[in-house]
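Written below as structure tokens is the structure these notes are about.
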Amino acid sequence: MNQELTPEEKEALKHVASKLEFYEEQRRNLIPILQMVQETLAYLPPEAIKLVAEHLAIFECEVYGVATFYNQFRFHPPGKHPIKACLGTACHVRGGDIILENFERKLGIHAGETTPDREFSIEKVACVGCCALAPVAIIDETVHGHMAPSKVEGLLMRIEIEKEMEERAKKKDESGQ
Amino acid sequence: MNPASNEKIDQIFDAIYKEAEKRRNEFREDPGPKIHIGLATCGIASGALETKKAFEEALDEYNIEARIHTVGCLGHCYAEPVVVIDHPDSGFPPIFYHEVNAGKAKMLAKLFLKEGDPRFEHVYGAMEENDLIPSVMEFARFNREKRVVMEKCGHIDPEDIYDYIAQGGYSSLVKTLKLNSDEIIKEVQNSGLRGRGGAGFPTGRKWELAKSAGEQEKIVICNADEGDPGAYMDRTILESNPHQVIEGMAICAYAVGAKKAIIYVRAEYPLAVDIVTKAIRQAIELGLLGKSVLGSSFDLEIDVFRGSGAFVCGEETALIRSIEGYRGMPRHRPPYPVQKGLWNKPTVINNVKTLASVPPILDHGADWYREIGTENTPGTAIFSVVGNVVHAGLVEIPMGVSLRTLIFDICGGIPNNKKFKAVQIGGPSGGCLNEEFLDTPIDFDSLTEAGAMMGSGGMVVMDEDTCMVEVSRYFLDFTQNESCGKCTFCRIGTYHLLKILERLTRGEGEDGDIELLETLSKDIKAGSLCGLGKTAPNPVLTSIKYFRDEYEAHIYEKRCPALMCRPMIAFYFDLDLCARGCDACATCCPVEAVFTTSNRKKGVDQELCVKCGECIVVCPPEYDAVRKVSPPHLVPYIEKPPEKKKED
Ligand SMILES: Cc1cc2nc3c(=O)[nH]c(=O)nc-3n(C[C@H](O)[C@H](O)[C@H](O)COP(=O)(O)O)c2cc1C
Ligand code: SF4
Ligand code: SF4
Ligand code: FES
Ligand code: FES
């Protein structure tokens, strides 16, 4: 699945290219560079991998080889609202997988995927460091502790409603002008 | 080193210490109230930032002059957000408040800070002995701990180097600079300090080996990769007291003759990365790092490398490979990193806790350290105790304390009147121990003997509702994913272990599976290069050893005794108990599997039910009508669910 880059992403890619100049052409910089790219673009699109490979004068497959080895790197754009379900040991013992499944069912995607409208994506993570609140899920940047299957729908609904309100406000603004 | 330069070191450090002392006294002598808020990851996750904001707003609103002091983590995760309020004018000692949300914060600001009423119903305990309020030191969770590494955690602001120095920080580095490296190494050797990264290798010996590599360039690495999915003490230490780790690294670098050091922290720990980076910068500004440390001839540069999240990168040779910019795959040892490490230079790799133990050792002396803990393993152990336990969090105890003391006395035992079943120690490389082992003393050797491992220090307590087969499956799922793929046995063996365990938890186990698991496990242990493969089967082997009956129930009766494996259980409502017309379960069921029977009670459509267990939670306790059974065919037939529902 190779999506076209959005205009914003194209802009960000140019940004990446200019930042690359600060990194010496040394193998040890590969991982820090990939981290920088992901921080700028939120994932590693093929266009960026190509830039990195050229910069370090190594093959693209070599870059992919390293990038796919590490859990940190993503190859698909995350959703506007990334959802992270904790599957660390404490959360697992308290039913974290059930929470994950509920998100998957409600959004119709699997962990590691993004909804077609790019609104939501689901990721599994290991221990986010508040095991005492297990099971835990992170939506956007907010940690939600003591999750329950019935809370999932409410949380998603809240985001939808906020979005609708925003849109309505925008329309009102536009029609008001 | 000649005495003239010793004097210079003292002179420079004295000036820094004086400044630190001045700042501390200013803070202490300020008559106004002080609010200490824990802002490590777990505090933040529990809402500590909102708490802080609420205090700030309330101070403004009620016109109160008070200082907010942000600190790291005290280790009491169960109580987060934790706030300590020191309000001298009120006549009360500093008070520890737990679970202070924004509302509570506003209330405390108004009633305690302004009106002097500490709100006894919200007080957890006093931080000092006094006549008014019971002190927290009366609780086992406080008085049975022995804090060496975490002594200052939660008491100092991790983002303020002077806070650390005022409490005696960096004085061990000063001492070090005035001794020669053999004396330092000897002191560390005498202390008996063993590496806290899992294997327990004597730290002094490691340093000696690195030193004996001669004059060439050397590197010190602090291993903060911490990949165990249920352990977070290294991160917490870095977030709460980064300077103690940095000081330990500097002492190590001086002792072995290194000029370069690297902290390898996971990128998933953004707060730890930020705090450590800031701490290094502050140390450089004060001349405690960089060229000519404190005016001596010792130079040290420390960099932060962000690890990209691969469990195997905690293994030292894989970690090195990943810094070099390759896939983090372990290699054969010898040569050991102390001989040939990063970029082929002699490299000392130590865990965060190991390095953080060094400054207190040099401060109080090797003999003092030896007094703590056991003969073979002096010092303390830090565990993150989580799972089904009342006072979950970080605990630092002397080595040799029994598991029973740790779990039942210090951490408050099992919640909800459940029975203790097992404790999993050492994460994916560790093992599950049952009740019989509760009196095992905690140290490297006893745990290894029992089949578990000190490992990372993750400790998961499990109650009777936890299925050991499922827990083994969970850990294998993790190690299978994290195997780097170099060794056939580790790569393919763990895959097959996982497939068998998955079958068992689905109720498709067959005669001979247990034996197959055992043989395969032994082969994986024998045929793997690094610790990951060598220890991956531990959770399986120990759980078979101590909970064999559970495996047998899964295979021969297709039954999950703990009622946890979802394909093997079913839910139903006890019609005698179900209250007519209470719709709690029906409203909460995420898949609308609950239907109303002809006599207006509830039934579960087994084909729709996903066995999430939510209905058990919401069914009001006075009815308590939801039942779980295993195997699923035991569920009593109630009546046919309505047809209509299944179509959509
Ligand atoms: C699979 C695997 C994972 C490891 N993970 C860590 C880790 O997260 N942190 C750590 O300090 N050591 C880890 N180790 C141990 C290191 O290889 C090494 O022994 C340790 O960092 C040495 O430090 P110490 O002497 O202070 O214990 C791991 C080892 C293996 C085999
Ligand atoms: S044992 Fe496993 S993780 Fe270790 S080197 Fe071999 S394949 Fe890699
Ligand atoms: S267990 Fe979950 S899915 Fe099944 S009936 Fe209860 S609430 Fe519904
Ligand atoms: S296991 Fe989920 S927060 Fe630790
Ligand atoms: S109390 Fe701070 S990490 Fe848990």
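Letters A, B, ... mark the chains of the structure tokens in the order given; residue numbers begin at 1 per chain; ligand numbers begin at 1, in order shown.
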Residue list (helix (DSSP H, G or I), DSSP) for region 35-160 of chain A, as a ChimeraX atom specification: /A:35-41,46-56,60-69,89-93,96-107,131-133,149-160
Expected answer as a ChimeraX atom specification: chain A residues within 6 Å of chain B, only C-alpha atoms: /A:27-28,30-31,66,70-72,88-90,126-127,129-130,132,143,150
For region 143-152 of chain B: contacts at 6 Å, only C-alpha atoms, fewer than 3 positions along chain excluded, given as a list in words: Met137, Ala140, His155, Ala356, Ser357, Glu396, Ile397 and Pro398 of chain B
Polymer residues at most 7 Å from region 399-412 of chain B, only C-alpha atoms, same-chain spacing of 4 or more positions, as a PyMOL selection string: chain B and resi 140-141+144+373-374+377-381+389-392+438-443
Within 9 Å of ligand 2 (counting only C-alpha atoms and all ligand atoms), which residues show up? I'd like them as a short mmCIF file (atom, residue, chain, number, x, y, z; two decimals) with all heavy atoms, in the first residue's frame.
```cif
data_model
loop_
_atom_site.label_atom_id
_atom_site.label_comp_id
_atom_site.auth_asym_id
_atom_site.auth_seq_id
_atom_site.Cartn_x
_atom_site.Cartn_y
_atom_site.Cartn_z
N PHE B 311 13.73 -5.45 22.61
CA PHE B 311 14.09 -6.05 23.89
C PHE B 311 15.51 -6.57 23.87
O PHE B 311 16.27 -6.42 24.81
CB PHE B 311 13.10 -7.17 24.21
CG PHE B 311 13.40 -7.93 25.47
CD1 PHE B 311 13.47 -7.26 26.68
CD2 PHE B 311 13.58 -9.30 25.45
CE1 PHE B 311 13.74 -7.95 27.85
CE2 PHE B 311 13.85 -9.99 26.62
CZ PHE B 311 13.93 -9.33 27.83
N VAL B 312 15.90 -7.18 22.75
CA VAL B 312 17.20 -7.83 22.68
C VAL B 312 18.34 -6.81 22.79
O VAL B 312 19.45 -7.13 23.17
CB VAL B 312 17.31 -8.69 21.40
CG1 VAL B 312 17.43 -7.83 20.17
CG2 VAL B 312 18.47 -9.68 21.50
N GLU B 315 20.65 -6.62 25.73
CA GLU B 315 21.83 -7.51 25.78
C GLU B 315 23.01 -6.68 25.30
O GLU B 315 22.93 -5.96 24.32
CB GLU B 315 21.58 -8.71 24.87
CG GLU B 315 22.48 -9.90 25.14
CD GLU B 315 23.86 -9.77 24.53
OE1 GLU B 315 24.04 -8.98 23.60
OE2 GLU B 315 24.77 -10.48 24.98
N ALA B 318 24.30 -6.68 21.63
CA ALA B 318 23.28 -6.16 20.72
C ALA B 318 23.16 -4.66 20.87
O ALA B 318 23.00 -3.93 19.89
CB ALA B 318 21.94 -6.84 21.00
N GLY B 328 20.15 -4.66 16.00
CA GLY B 328 20.71 -5.05 17.28
C GLY B 328 20.72 -6.55 17.47
O GLY B 328 19.84 -7.12 18.09
N MET B 329 21.71 -7.19 16.90
CA MET B 329 21.81 -8.64 17.07
C MET B 329 23.02 -8.97 17.93
O MET B 329 24.11 -8.49 17.68
CB MET B 329 21.96 -9.32 15.73
CG MET B 329 20.65 -9.34 14.94
SD MET B 329 21.00 -10.03 13.34
CE MET B 329 19.44 -10.69 12.87
N PRO B 330 22.81 -9.82 18.93
CA PRO B 330 23.93 -10.19 19.79
C PRO B 330 24.99 -10.94 18.99
O PRO B 330 24.70 -11.52 17.95
CB PRO B 330 23.31 -11.13 20.81
CG PRO B 330 21.86 -10.87 20.76
CD PRO B 330 21.56 -10.47 19.35
N ARG B 331 26.21 -10.93 19.50
CA ARG B 331 27.25 -11.73 18.87
C ARG B 331 27.86 -12.64 19.94
O ARG B 331 27.57 -12.51 21.13
CB ARG B 331 28.31 -10.85 18.25
CG ARG B 331 29.05 -9.99 19.25
CD ARG B 331 30.41 -9.55 18.73
NE ARG B 331 31.03 -8.58 19.60
CZ ARG B 331 31.60 -8.84 20.76
NH1 ARG B 331 31.60 -10.08 21.23
NH2 ARG B 331 32.15 -7.89 21.49
N HIS B 332 28.72 -13.50 19.50
CA HIS B 332 29.34 -14.44 20.42
C HIS B 332 30.28 -13.71 21.36
O HIS B 332 30.95 -12.77 20.98
CB HIS B 332 30.11 -15.50 19.63
CG HIS B 332 30.48 -16.66 20.47
ND1 HIS B 332 31.65 -16.69 21.18
CD2 HIS B 332 29.83 -17.80 20.76
CE1 HIS B 332 31.70 -17.81 21.87
NE2 HIS B 332 30.61 -18.50 21.63
N THR B 479 8.56 -12.87 23.72
CA THR B 479 9.92 -13.25 23.33
C THR B 479 9.97 -13.69 21.87
O THR B 479 10.95 -13.43 21.17
CB THR B 479 10.50 -14.37 24.20
OG1 THR B 479 9.46 -15.23 24.59
CG2 THR B 479 11.17 -13.81 25.42
N GLN B 480 8.92 -14.33 21.41
CA GLN B 480 8.90 -14.79 20.03
C GLN B 480 9.02 -13.59 19.09
O GLN B 480 9.75 -13.61 18.12
CB GLN B 480 7.59 -15.55 19.80
CG GLN B 480 7.47 -16.30 18.51
CD GLN B 480 6.96 -15.42 17.39
OE1 GLN B 480 7.52 -15.41 16.33
NE2 GLN B 480 5.90 -14.67 17.64
N GLU B 482 10.33 -10.73 19.91
CA GLU B 482 11.55 -9.97 20.13
C GLU B 482 12.82 -10.74 19.78
O GLU B 482 13.92 -10.18 19.81
CB GLU B 482 11.62 -9.50 21.59
CG GLU B 482 10.53 -8.50 21.96
CD GLU B 482 10.68 -7.17 21.25
OE1 GLU B 482 11.82 -6.81 20.91
OE2 GLU B 482 9.65 -6.51 21.01
N SER B 483 12.70 -12.02 19.50
CA SER B 483 13.88 -12.79 19.10
C SER B 483 14.49 -12.10 17.89
O SER B 483 13.80 -11.71 16.96
CB SER B 483 13.48 -14.21 18.71
OG SER B 483 14.52 -14.81 17.99
N CYS B 484 15.82 -11.93 17.91
CA CYS B 484 16.41 -11.18 16.81
C CYS B 484 16.50 -12.03 15.55
O CYS B 484 16.70 -11.52 14.46
CB CYS B 484 17.78 -10.66 17.21
SG CYS B 484 19.08 -11.88 17.09
N GLY B 485 16.37 -13.34 15.70
CA GLY B 485 16.31 -14.19 14.52
C GLY B 485 17.63 -14.80 14.11
O GLY B 485 17.72 -15.51 13.10
N LYS B 486 18.65 -14.56 14.89
CA LYS B 486 19.96 -15.08 14.51
C LYS B 486 20.05 -16.60 14.70
O LYS B 486 20.58 -17.30 13.85
CB LYS B 486 21.01 -14.38 15.37
CG LYS B 486 22.44 -14.69 15.03
CD LYS B 486 23.33 -13.66 15.74
CE LYS B 486 24.79 -13.90 15.44
NZ LYS B 486 25.58 -12.69 15.70
N CYS B 487 19.54 -17.08 15.83
CA CYS B 487 19.66 -18.51 16.12
C CYS B 487 18.37 -19.24 15.74
O CYS B 487 17.29 -18.82 16.12
CB CYS B 487 19.91 -18.75 17.60
SG CYS B 487 21.11 -17.64 18.30
N THR B 488 18.53 -20.34 15.04
CA THR B 488 17.37 -21.10 14.60
C THR B 488 16.49 -21.53 15.77
O THR B 488 15.27 -21.43 15.72
CB THR B 488 17.84 -22.35 13.83
OG1 THR B 488 18.91 -21.94 13.01
CG2 THR B 488 16.73 -22.93 13.03
N PHE B 489 17.13 -22.00 16.83
CA PHE B 489 16.33 -22.52 17.95
C PHE B 489 15.50 -21.42 18.60
O PHE B 489 14.36 -21.64 18.97
CB PHE B 489 17.24 -23.17 18.98
CG PHE B 489 17.53 -24.59 18.64
CD1 PHE B 489 18.68 -24.92 17.95
CD2 PHE B 489 16.63 -25.57 18.99
CE1 PHE B 489 18.94 -26.23 17.62
CE2 PHE B 489 16.88 -26.88 18.65
CZ PHE B 489 18.05 -27.22 17.96
N CYS B 490 16.11 -20.28 18.73
CA CYS B 490 15.38 -19.18 19.36
C CYS B 490 14.28 -18.69 18.43
O CYS B 490 13.14 -18.52 18.83
CB CYS B 490 16.35 -18.07 19.71
SG CYS B 490 15.57 -16.58 20.34
N ARG B 491 14.62 -18.51 17.17
CA ARG B 491 13.65 -17.94 16.22
C ARG B 491 12.49 -18.88 15.99
O ARG B 491 11.32 -18.51 16.13
CB ARG B 491 14.35 -17.65 14.89
CG ARG B 491 13.46 -17.03 13.84
CD ARG B 491 14.21 -16.79 12.55
NE ARG B 491 14.57 -18.03 11.87
CZ ARG B 491 15.80 -18.37 11.52
NH1 ARG B 491 16.80 -17.58 11.79
NH2 ARG B 491 16.05 -19.51 10.92
N ILE B 492 12.79 -20.14 15.64
CA ILE B 492 11.72 -21.07 15.29
C ILE B 492 11.19 -21.81 16.51
O ILE B 492 10.00 -22.09 16.62
CB ILE B 492 12.22 -22.04 14.20
CG1 ILE B 492 12.67 -21.21 13.00
CG2 ILE B 492 11.14 -23.02 13.79
CD1 ILE B 492 13.22 -22.00 11.87
N THR B 494 10.88 -20.71 19.64
CA THR B 494 9.91 -19.93 20.41
C THR B 494 8.59 -19.83 19.65
O THR B 494 7.53 -19.83 20.24
CB THR B 494 10.43 -18.50 20.71
OG1 THR B 494 10.82 -17.89 19.49
CG2 THR B 494 11.59 -18.53 21.67
N ILE B 524 15.75 -25.21 23.10
CA ILE B 524 15.93 -23.76 22.86
C ILE B 524 17.01 -23.22 23.79
O ILE B 524 17.88 -22.46 23.38
CB ILE B 524 14.62 -22.99 23.08
CG1 ILE B 524 13.57 -23.43 22.06
CG2 ILE B 524 14.84 -21.49 22.98
CD1 ILE B 524 12.19 -22.90 22.33
N LYS B 525 16.95 -23.64 25.04
CA LYS B 525 17.97 -23.18 25.99
C LYS B 525 19.36 -23.57 25.53
O LYS B 525 20.31 -22.81 25.67
CB LYS B 525 17.71 -23.80 27.37
CG LYS B 525 16.68 -23.05 28.18
CD LYS B 525 16.41 -23.84 29.45
CE LYS B 525 15.84 -23.00 30.54
NZ LYS B 525 16.63 -22.29 31.44
N GLY B 527 20.33 -24.32 22.43
CA GLY B 527 20.75 -23.92 21.10
C GLY B 527 20.75 -22.43 20.84
O GLY B 527 20.84 -22.01 19.69
N SER B 528 20.64 -21.62 21.89
CA SER B 528 20.57 -20.18 21.67
C SER B 528 21.84 -19.50 22.11
O SER B 528 22.49 -19.91 23.07
CB SER B 528 19.39 -19.58 22.43
OG SER B 528 18.19 -20.09 21.91
N LEU B 529 22.17 -18.45 21.40
CA LEU B 529 23.41 -17.74 21.66
C LEU B 529 23.31 -16.82 22.87
O LEU B 529 24.15 -16.83 23.75
CB LEU B 529 23.77 -16.94 20.41
CG LEU B 529 24.95 -15.99 20.51
CD1 LEU B 529 26.23 -16.77 20.72
CD2 LEU B 529 25.05 -15.14 19.25
N CYS B 530 22.26 -16.02 22.91
CA CYS B 530 22.24 -14.99 23.94
C CYS B 530 21.20 -15.30 25.01
O CYS B 530 20.42 -16.23 24.90
CB CYS B 530 21.96 -13.61 23.33
SG CYS B 530 20.21 -13.25 23.12
N GLY B 531 21.21 -14.46 26.03
CA GLY B 531 20.32 -14.67 27.16
C GLY B 531 18.86 -14.71 26.79
O GLY B 531 18.07 -15.37 27.45
N LEU B 532 18.48 -14.02 25.72
CA LEU B 532 17.06 -14.01 25.37
C LEU B 532 16.59 -15.44 25.08
O LEU B 532 15.63 -15.92 25.67
CB LEU B 532 16.82 -13.10 24.17
CG LEU B 532 15.35 -12.80 23.85
CD1 LEU B 532 15.20 -11.42 23.28
CD2 LEU B 532 14.72 -13.81 22.91
N GLY B 533 17.26 -16.09 24.18
CA GLY B 533 16.86 -17.46 23.84
C GLY B 533 17.10 -18.42 24.99
O GLY B 533 16.29 -19.30 25.26
N LYS B 534 18.20 -18.22 25.69
CA LYS B 534 18.54 -19.13 26.79
C LYS B 534 17.52 -19.08 27.91
O LYS B 534 17.38 -20.04 28.65
CB LYS B 534 19.90 -18.73 27.36
CG LYS B 534 21.10 -19.22 26.57
CD LYS B 534 22.32 -19.11 27.46
CE LYS B 534 23.57 -19.59 26.83
NZ LYS B 534 24.23 -18.84 25.85
N THR B 535 16.84 -17.95 28.06
CA THR B 535 15.91 -17.84 29.19
C THR B 535 14.46 -17.80 28.75
O THR B 535 13.57 -17.90 29.58
CB THR B 535 16.19 -16.56 30.00
OG1 THR B 535 16.08 -15.44 29.12
CG2 THR B 535 17.56 -16.58 30.63
N ALA B 536 14.21 -17.64 27.45
CA ALA B 536 12.82 -17.50 26.99
C ALA B 536 11.92 -18.64 27.48
O ALA B 536 10.75 -18.40 27.80
CB ALA B 536 12.78 -17.38 25.47
#
```
Exercise answer, 8 Å around ligand 1 with only C-alpha atoms and all ligand atoms, as an MDAnalysis selection string: chainID B and resid 194:203 206 222:228 311:317 349:355 429 455:456 530:533
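Omitting Pro116 (chain A) and its sequence neighbours fewer than 4 positions away, and counting only C-alpha atoms, the residues within 12 Å are Met1, Gln3, His76, Pro77, Pro78, Gly79, Lys80, Leu107, Gly108, Ile109, Phe120 and Ser121 of chain A.
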Residue contacts of Phe120 (chain B) (12 Å, only C-alpha atoms) excluding same-chain residues fewer than 5 positions away, as JSON, numbers by chain: {"B": [92, 95, 96, 97, 108, 111, 112, 125, 126, 132, 133, 134]}
Keeping only all heavy atoms, write those residues as a CSV table (one decimal), in the first residue's frame.
```csv
chain,number,residue,atom,x,y,z
B,92,PHE,N,1.4,21.6,61.9
B,92,PHE,CA,1.4,20.2,61.5
B,92,PHE,C,2.8,19.9,60.8
B,92,PHE,O,3.4,20.8,60.2
B,92,PHE,CB,0.3,19.9,60.6
B,92,PHE,CG,-1.0,19.9,61.2
B,92,PHE,CD1,-1.9,21.0,61.1
B,92,PHE,CD2,-1.4,18.8,62.0
B,92,PHE,CE1,-3.1,21.0,61.7
B,92,PHE,CE2,-2.7,18.8,62.7
B,92,PHE,CZ,-3.5,19.9,62.5
B,95,ILE,N,2.9,16.6,55.5
B,95,ILE,CA,1.9,15.6,55.3
B,95,ILE,C,1.9,15.0,53.9
B,95,ILE,O,1.9,15.7,52.9
B,95,ILE,CB,0.5,16.1,55.7
B,95,ILE,CG1,0.4,16.6,57.1
B,95,ILE,CG2,-0.6,15.0,55.5
B,95,ILE,CD1,-0.9,17.3,57.5
B,96,PHE,N,1.8,13.7,53.9
B,96,PHE,CA,1.7,12.9,52.6
B,96,PHE,C,0.2,12.7,52.3
B,96,PHE,O,-0.5,12.1,53.1
B,96,PHE,CB,2.4,11.5,52.9
B,96,PHE,CG,2.4,10.6,51.7
B,96,PHE,CD1,3.7,10.3,51.2
B,96,PHE,CD2,1.3,9.9,51.2
B,96,PHE,CE1,3.8,9.4,50.2
B,96,PHE,CE2,1.4,9.0,50.2
B,96,PHE,CZ,2.7,8.7,49.6
B,97,TYR,N,-0.2,13.3,51.1
B,97,TYR,CA,-1.6,13.0,50.7
B,97,TYR,C,-1.5,12.1,49.4
B,97,TYR,O,-0.6,12.3,48.6
B,97,TYR,CB,-2.2,14.4,50.3
B,97,TYR,CG,-2.5,15.3,51.4
B,97,TYR,CD1,-1.6,16.3,51.8
B,97,TYR,CD2,-3.7,15.1,52.1
B,97,TYR,CE1,-1.9,17.1,52.9
B,97,TYR,CE2,-4.0,16.0,53.2
B,97,TYR,CZ,-3.1,16.9,53.6
B,97,TYR,OH,-3.4,17.8,54.6
B,108,LEU,N,-7.6,21.3,49.3
B,108,LEU,CA,-6.5,21.4,50.2
B,108,LEU,C,-5.9,22.8,50.3
B,108,LEU,O,-5.5,23.3,51.4
B,108,LEU,CB,-5.4,20.4,49.9
B,108,LEU,CG,-5.7,18.9,50.2
B,108,LEU,CD1,-4.7,18.0,49.7
B,108,LEU,CD2,-5.9,18.7,51.7
B,111,LEU,N,-8.6,24.8,52.3
B,111,LEU,CA,-8.8,24.4,53.7
B,111,LEU,C,-7.6,24.3,54.5
B,111,LEU,O,-7.5,24.6,55.7
B,111,LEU,CB,-9.7,23.2,53.8
B,111,LEU,CG,-11.1,23.4,53.2
B,111,LEU,CD1,-11.9,22.1,53.2
B,111,LEU,CD2,-11.8,24.5,53.9
B,112,PHE,N,-6.5,23.7,53.9
B,112,PHE,CA,-5.3,23.5,54.7
B,112,PHE,C,-4.4,24.7,54.6
B,112,PHE,O,-4.0,25.3,55.6
B,112,PHE,CB,-4.6,22.2,54.2
B,112,PHE,CG,-3.4,21.9,55.1
B,112,PHE,CD1,-3.3,22.2,56.4
B,112,PHE,CD2,-2.3,21.2,54.5
B,112,PHE,CE1,-2.2,21.8,57.2
B,112,PHE,CE2,-1.2,20.8,55.3
B,112,PHE,CZ,-1.2,21.2,56.6
B,125,GLY,N,-0.4,10.1,55.9
B,125,GLY,CA,0.4,10.0,57.0
B,125,GLY,C,1.4,11.2,57.0
B,125,GLY,O,1.5,12.0,56.1
B,126,ALA,N,2.0,11.4,58.2
B,126,ALA,CA,3.0,12.5,58.3
B,126,ALA,C,4.4,12.0,57.8
B,126,ALA,O,4.7,10.8,57.9
B,126,ALA,CB,3.1,13.0,59.7
B,132,LEU,N,0.8,14.5,66.4
B,132,LEU,CA,-0.5,14.9,65.9
B,132,LEU,C,-1.1,13.9,64.9
B,132,LEU,O,-2.2,13.5,64.9
B,132,LEU,CB,-0.5,16.2,65.2
B,132,LEU,CG,-0.1,17.4,66.1
B,132,LEU,CD1,0.3,18.6,65.3
B,132,LEU,CD2,-1.2,17.7,67.1
B,133,ILE,N,-0.2,13.4,64.0
B,133,ILE,CA,-0.6,12.5,62.9
B,133,ILE,C,0.3,11.3,62.9
B,133,ILE,O,1.5,11.5,63.0
B,133,ILE,CB,-0.5,13.3,61.6
B,133,ILE,CG1,-1.4,14.6,61.6
B,133,ILE,CG2,-0.9,12.4,60.4
B,133,ILE,CD1,-1.3,15.4,60.4
B,134,PRO,N,-0.3,10.1,62.7
B,134,PRO,CA,0.6,9.0,62.6
B,134,PRO,C,1.5,9.1,61.4
B,134,PRO,O,1.2,9.7,60.4
B,134,PRO,CB,-0.4,7.8,62.3
B,134,PRO,CG,-1.8,8.3,62.6
B,134,PRO,CD,-1.7,9.8,62.6
```
Two-atom distance - CA of Glu449 (chain B), CA of Asp513 (chain B) (Å): 25.7 Å
All residues 10 Å or closer to Pro45 (chain A), only C-alpha atoms, same chain fewer than 4 positions away omitted, as a PyMOL selection string: chain A and resi 2-5+9+13+37-38+41+49-50+74-77
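Of note, CA of Phe383 (chain B) and CA of Ala283 (chain B) are spaced 28.7 Å apart.
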